[in-house]
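upload_25.pdb (PDB, C-alpha atoms)
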ATOM      1  CA  MET A   1     -30.104   7.394 -13.030
ATOM      2  CA  THR A   2     -29.688   6.894 -16.729
ATOM      3  CA  ALA A   3     -27.429   8.404 -19.316
ATOM      4  CA  GLY A   4     -28.485  11.761 -20.609
ATOM      5  CA  SER A   5     -29.410  13.216 -17.197
ATOM      6  CA  THR A   6     -29.215  16.942 -16.900
ATOM      7  CA  LEU A   7     -26.042  18.472 -15.567
ATOM      8  CA  THR A   8     -25.530  21.913 -14.151
ATOM      9  CA  ASN A   9     -22.422  23.910 -15.091
ATOM     10  CA  GLY A  10     -20.513  20.806 -16.273
ATOM     11  CA  THR A  11     -20.732  19.018 -12.887
ATOM     12  CA  THR A  12     -23.212  16.545 -11.500
ATOM     13  CA  ALA A  13     -25.654  18.198  -9.166
ATOM     14  CA  GLU A  14     -25.757  17.045  -5.561
ATOM     15  CA  HIS A  15     -29.247  15.589  -5.856
ATOM     16  CA  GLU A  16     -28.220  13.648  -8.960
ATOM     17  CA  LEU A  17     -25.323  12.094  -7.045
ATOM     18  CA  ALA A  18     -27.737  11.130  -4.282
ATOM     19  CA  ALA A  19     -29.978   9.504  -6.884
ATOM     20  CA  LEU A  20     -26.946   7.709  -8.310
ATOM     21  CA  GLN A  21     -26.150   6.417  -4.818
ATOM     22  CA  ARG A  22     -29.725   5.228  -4.243
ATOM     23  CA  GLU A  23     -29.979   3.483  -7.592
ATOM     24  CA  HIS A  24     -26.515   1.898  -7.848
ATOM     25  CA  GLY A  25     -25.115   1.964  -4.298
ATOM     26  CA  ARG A  26     -26.224  -1.538  -3.240
ATOM     27  CA  PRO A  27     -24.944  -3.372  -6.325
ATOM     28  CA  LEU A  28     -21.667  -1.423  -6.117
ATOM     29  CA  PHE A  29     -21.297  -2.298  -2.445
ATOM     30  CA  ALA A  30     -22.056  -5.982  -3.108
ATOM     31  CA  LEU A  31     -19.418  -6.144  -5.847
ATOM     32  CA  LEU A  32     -16.814  -4.320  -3.783
ATOM     33  CA  LEU A  33     -17.514  -6.382  -0.668
ATOM     34  CA  ARG A  34     -16.631  -9.524  -2.666
ATOM     35  CA  LEU A  35     -13.544  -7.884  -4.155
ATOM     36  CA  CYS A  36     -12.409  -6.700  -0.691
ATOM     37  CA  ASP A  37     -12.731 -10.168   0.864
ATOM     38  CA  GLY A  38     -15.600  -9.112   3.125
ATOM     39  CA  ASP A  39     -13.950  -5.948   4.488
ATOM     40  CA  ARG A  40     -17.030  -3.718   4.863
ATOM     41  CA  GLN A  41     -15.095  -0.551   5.694
ATOM     42  CA  ARG A  42     -12.877  -0.832   2.648
ATOM     43  CA  ALA A  43     -15.874  -1.638   0.428
ATOM     44  CA  GLU A  44     -17.752   1.427   1.714
ATOM     45  CA  ASP A  45     -14.706   3.604   1.085
ATOM     46  CA  LEU A  46     -14.437   2.307  -2.460
ATOM     47  CA  VAL A  47     -18.155   2.939  -3.125
ATOM     48  CA  GLN A  48     -17.602   6.532  -2.067
ATOM     49  CA  GLU A  49     -14.494   6.780  -4.243
ATOM     50  CA  THR A  50     -16.469   5.404  -7.198
ATOM     51  CA  LEU A  51     -19.138   8.063  -6.702
ATOM     52  CA  VAL A  52     -16.438  10.739  -6.456
ATOM     53  CA  ARG A  53     -15.109   9.549  -9.813
ATOM     54  CA  ALA A  54     -18.637   9.813 -11.241
ATOM     55  CA  TRP A  55     -18.846  13.373  -9.913
ATOM     56  CA  GLN A  56     -15.424  14.184 -11.427
ATOM     57  CA  HIS A  57     -16.422  12.765 -14.843
ATOM     58  CA  PRO A  58     -19.946  13.983 -15.630
ATOM     59  CA  GLU A  59     -19.304  13.343 -19.318
ATOM     60  CA  ALA A  60     -19.399   9.596 -18.610
ATOM     61  CA  LEU A  61     -22.827   9.945 -17.018
ATOM     62  CA  ARG A  62     -24.399  11.761 -19.964
ATOM     63  CA  ALA A  63     -23.047   9.586 -22.757
ATOM     64  CA  ASP A  64     -25.779   8.597 -25.184
ATOM     65  CA  ASP A  65     -24.097   5.290 -26.075
ATOM     66  CA  PHE A  66     -25.746   3.323 -23.253
ATOM     67  CA  ASP A  67     -28.988   3.182 -21.308
ATOM     68  CA  SER A  68     -27.479   2.891 -17.809
ATOM     69  CA  VAL A  69     -24.345   4.152 -16.079
ATOM     70  CA  ARG A  70     -24.147   0.980 -13.984
ATOM     71  CA  PRO A  71     -21.606  -0.815 -16.244
ATOM     72  CA  TRP A  72     -19.352   2.262 -16.160
ATOM     73  CA  LEU A  73     -19.677   2.494 -12.353
ATOM     74  CA  MET A  74     -18.974  -1.223 -11.924
ATOM     75  CA  THR A  75     -15.872  -0.967 -14.093
ATOM     76  CA  VAL A  76     -14.594   2.025 -12.121
ATOM     77  CA  ALA A  77     -15.315   0.248  -8.816
ATOM     78  CA  ARG A  78     -13.549  -2.930  -9.939
ATOM     79  CA  ARG A  79     -10.473  -0.984 -11.041
ATOM     80  CA  LEU A  80     -10.391   0.950  -7.762
ATOM     81  CA  ALA A  81     -10.572  -2.327  -5.809
ATOM     82  CA  ILE A  82      -7.723  -3.785  -7.846
ATOM     83  CA  ASP A  83      -5.624  -0.649  -7.305
ATOM     84  CA  ALA A  84      -6.322  -0.724  -3.562
ATOM     85  CA  ARG A  85      -5.305  -4.389  -3.317
ATOM     86  CA  ARG A  86      -2.083  -3.744  -5.238
ATOM     87  CA  ALA A  87      -1.274  -0.781  -2.994
ATOM     88  CA  ARG A  88      -1.753  -2.902   0.158
ATOM     89  CA  GLN A  89       0.479  -5.646  -1.254
ATOM     90  CA  ALA A  90       3.196  -3.141  -2.189
ATOM     91  CA  ARG A  91       3.713  -1.907   1.371
ATOM     92  CA  PRO A  92       4.533  -3.884   4.501
ATOM     93  CA  PRO A  93       1.588  -5.107   6.559
ATOM     94  CA  GLU A  94       0.299  -2.830   9.283
ATOM     95  CA  VAL A  95       1.022  -3.824  12.872
ATOM     96  CA  GLY A  96      -1.475  -3.305  15.667
ATOM     97  CA  ASP A  97      -0.702  -1.857  19.084
ATOM     98  CA  ALA A  98      -0.948  -5.260  20.784
ATOM     99  CA  VAL A  99       1.946  -6.570  18.708
ATOM    100  CA  LEU A 100       4.090  -3.545  19.514
ATOM    101  CA  GLU A 101       3.489  -3.894  23.259
ATOM    102  CA  HIS A 102       5.020  -7.365  23.245
ATOM    103  CA  ALA A 103       7.826  -6.593  20.806
ATOM    104  CA  ARG A 104      11.341  -7.010  22.121
ATOM    105  CA  VAL A 105      13.169  -3.734  22.550
ATOM    106  CA  ILE A 106      16.660  -3.736  21.123
ATOM    107  CA  SER A 107      19.027  -1.045  22.248
ATOM    108  CA  ASP A 108      20.782   0.887  19.563
ATOM    109  CA  HIS A 109      24.501   1.418  19.066
ATOM    110  CA  ALA A 110      24.549   4.766  20.886
ATOM    111  CA  GLU A 111      23.000   3.267  24.025
ATOM    112  CA  ARG A 112      25.524   0.415  24.020
ATOM    113  CA  ALA A 113      28.414   2.844  23.585
ATOM    114  CA  ALA A 114      27.174   5.005  26.464
ATOM    115  CA  ALA A 115      26.741   1.927  28.672
ATOM    116  CA  MET A 116      30.283   0.770  27.871
ATOM    117  CA  LEU A 117      31.661   4.159  28.892
ATOM    118  CA  ASP A 118      29.678   4.038  32.143
ATOM    119  CA  VAL A 119      30.959   0.554  32.953
ATOM    120  CA  ARG A 120      34.574   1.526  32.168
ATOM    121  CA  GLU A 121      34.353   4.489  34.513
ATOM    122  CA  ALA A 122      32.761   2.329  37.207
ATOM    123  CA  VAL A 123      35.467  -0.359  36.889
ATOM    124  CA  LYS A 124      38.109   2.337  37.455
ATOM    125  CA  THR A 125      36.605   2.980  40.904
ATOM    126  CA  LEU A 126      37.332  -0.620  42.042
ATOM    127  CA  THR A 127      40.425  -1.610  43.980
ATOM    128  CA  PRO A 128      43.229  -3.023  41.793
ATOM    129  CA  GLN A 129      42.684  -6.567  43.199
ATOM    130  CA  HIS A 130      38.947  -6.517  42.435
ATOM    131  CA  ARG A 131      39.557  -4.987  39.000
ATOM    132  CA  GLU A 132      42.099  -7.715  38.076
ATOM    133  CA  VAL A 133      39.649 -10.501  38.938
ATOM    134  CA  LEU A 134      36.749  -8.810  37.172
ATOM    135  CA  VAL A 135      38.744  -8.206  33.999
ATOM    136  CA  LEU A 136      40.003 -11.794  33.880
ATOM    137  CA  VAL A 137      36.725 -13.548  34.703
ATOM    138  CA  TYR A 138      34.066 -11.315  33.079
ATOM    139  CA  PHE A 139      35.832  -9.432  30.312
ATOM    140  CA  GLN A 140      38.402 -12.006  29.146
ATOM    141  CA  GLY A 141      36.256 -15.071  29.889
ATOM    142  CA  ALA A 142      38.749 -16.907  32.109
ATOM    143  CA  SER A 143      37.458 -19.601  34.458
ATOM    144  CA  VAL A 144      37.894 -19.266  38.215
ATOM    145  CA  ALA A 145      40.754 -21.793  38.117
ATOM    146  CA  GLU A 146      42.491 -19.981  35.243
ATOM    147  CA  ALA A 147      42.160 -16.603  36.994
ATOM    148  CA  ALA A 148      43.492 -18.122  40.249
ATOM    149  CA  ALA A 149      46.503 -19.562  38.432
ATOM    150  CA  ALA A 150      47.184 -16.302  36.580
ATOM    151  CA  LEU A 151      46.979 -14.189  39.736
ATOM    152  CA  GLY A 152      48.621 -16.741  42.021
ATOM    153  CA  ILE A 153      45.739 -16.736  44.519
ATOM    154  CA  PRO A 154      43.333 -19.485  45.657
ATOM    155  CA  PRO A 155      40.115 -20.059  43.666
ATOM    156  CA  GLY A 156      38.008 -19.097  46.709
ATOM    157  CA  THR A 157      39.680 -15.692  46.769
ATOM    158  CA  VAL A 158      38.892 -15.209  43.061
ATOM    159  CA  LYS A 159      35.223 -15.987  43.774
ATOM    160  CA  SER A 160      34.987 -13.627  46.731
ATOM    161  CA  ARG A 161      36.774 -10.774  44.916
ATOM    162  CA  ALA A 162      34.479 -11.222  41.916
ATOM    163  CA  TYR A 163      31.447 -11.147  44.236
ATOM    164  CA  TYR A 164      32.563  -7.977  46.008
ATOM    165  CA  ALA A 165      33.600  -6.312  42.748
ATOM    166  CA  LEU A 166      30.129  -6.886  41.251
ATOM    167  CA  ARG A 167      28.517  -5.671  44.458
ATOM    168  CA  ALA A 168      30.554  -2.460  44.269
ATOM    169  CA  LEU A 169      29.582  -1.999  40.605
ATOM    170  CA  ARG A 170      25.902  -2.356  41.514
ATOM    171  CA  ARG A 171      26.258   0.545  43.911
ATOM    172  CA  VAL A 172      28.081   2.717  41.353
ATOM    173  CA  LEU A 173      25.768   1.747  38.448
ATOM    174  CA  PRO A 174      22.241   1.626  39.913
ATOM    175  CA  GLY A 175      20.541   1.756  36.504
ATOM    176  CA  TYR A 176      22.432  -1.310  35.336
ATOM    177  CA  ALA A 177      21.769  -3.514  38.367
ATOM    178  CA  ALA A 178      19.551  -5.921  36.400
ATOM    179  CA  ASP A 179      22.362  -6.461  33.873
ATOM    180  CA  LEU A 180      24.908  -7.311  36.579
ATOM    181  CA  ARG A 181      22.973 -10.126  38.248
TER     182      ARG A 181
END
Turn this file's structure into structure tokens for me.
Amino acid sequence: MTAGSTLTNGTTAEHELAALQREHGRPLFALLLRLCDGDRQRAEDLVQETLVRAWQHPEALRADDFDSVRPWLMTVARRLAIDARRARQARPPEVGDAVLEHARVISDHAERAAAMLDVREAVKTLTPQHREVLVLVYFQGASVAEAAAALGIPPGTVKSRAYYALRALRRVLPGYAADLR
């Protein structure tokens, strides 16, 4: 299609756009494929966008200053490709489903707070002797020997009370059993 083609009602007729596609589509696609680093889908989208711009600006197609609209189309296509590249670089990269399936799940603050309340309530159900050992060894970080000295009991008793206290918590907190092992 050359400049000076007939237009109907100020817009490019559908058949004229088809002719524009047939005449300039391949060179546009070749240019855009290079500018899109071989991404065929993106290049095809940009060819379509270029033709939409031609449809939106029929005055550019009927200008008498040039013999062909190809330079105008190539300029529009190049600018669209540059804009698309800048837009992709301005936002974070897209992540596929495979990456999300293997991503580590981090619990949020609300879940941690709810879990702490559950554990506090469960610890209250323990006998005072089991609770003392559990608080010293697991919550305050005391060693078995330190807990035995603080409570005035043998280290073996500290170990057995800790074992039975955790076992009781597993029964009271079934959803947290993996965390208590």
For the provided coordinates, the residues matched by the PyMOL selection byres ((chain A and resi 45-60) around 8) should be stated as a short mmCIF file (atom, residue, chain, number, x, y, z; two decimals) with C-alpha atoms, in the frame of the given file.
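This went into part-v9.cif:
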data_model
loop_
_atom_site.label_atom_id
_atom_site.label_comp_id
_atom_site.auth_asym_id
_atom_site.auth_seq_id
_atom_site.Cartn_x
_atom_site.Cartn_y
_atom_site.Cartn_z
CA LEU A 7 -26.04 18.47 -15.57
CA GLY A 10 -20.51 20.81 -16.27
CA THR A 11 -20.73 19.02 -12.89
CA THR A 12 -23.21 16.55 -11.50
CA LEU A 17 -25.32 12.09 -7.04
CA LEU A 20 -26.95 7.71 -8.31
CA GLN A 21 -26.15 6.42 -4.82
CA GLY A 25 -25.12 1.96 -4.30
CA LEU A 28 -21.67 -1.42 -6.12
CA PHE A 29 -21.30 -2.30 -2.44
CA LEU A 32 -16.81 -4.32 -3.78
CA GLN A 41 -15.10 -0.55 5.69
CA ARG A 42 -12.88 -0.83 2.65
CA ALA A 43 -15.87 -1.64 0.43
CA GLU A 44 -17.75 1.43 1.71
CA LEU A 61 -22.83 9.94 -17.02
CA ARG A 62 -24.40 11.76 -19.96
CA ALA A 63 -23.05 9.59 -22.76
CA VAL A 69 -24.34 4.15 -16.08
CA TRP A 72 -19.35 2.26 -16.16
CA LEU A 73 -19.68 2.49 -12.35
CA VAL A 76 -14.59 2.02 -12.12
CA ALA A 77 -15.32 0.25 -8.82
CA LEU A 80 -10.39 0.95 -7.76
CA ALA A 81 -10.57 -2.33 -5.81
#
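The space separating CA of Val172 (chain A) from CA of Ala148 (chain A) comes to 25.9 Å.
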Interatomic distance between CA of Pro154 (chain A) and CA of Arg120 (chain A)?
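Distance between the two atoms: 26.5 Å.
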For Met116 (chain A), work out the shell of residues within 12 Å, counting only C-alpha atoms and skipping chain neighbours fewer than 6 positions away, then give it as a PyMOL selection string.
chain A and resi 109-110+122-123+139+173+176
Under the PyMOL selection byres ((chain A and resi 137) around 12), which residues of this model are included? Write them out as a VMD selection string.
chain A and resid 130 to 136 138 to 148 150 to 151 155 158 to 159 161 to 163 165 to 166
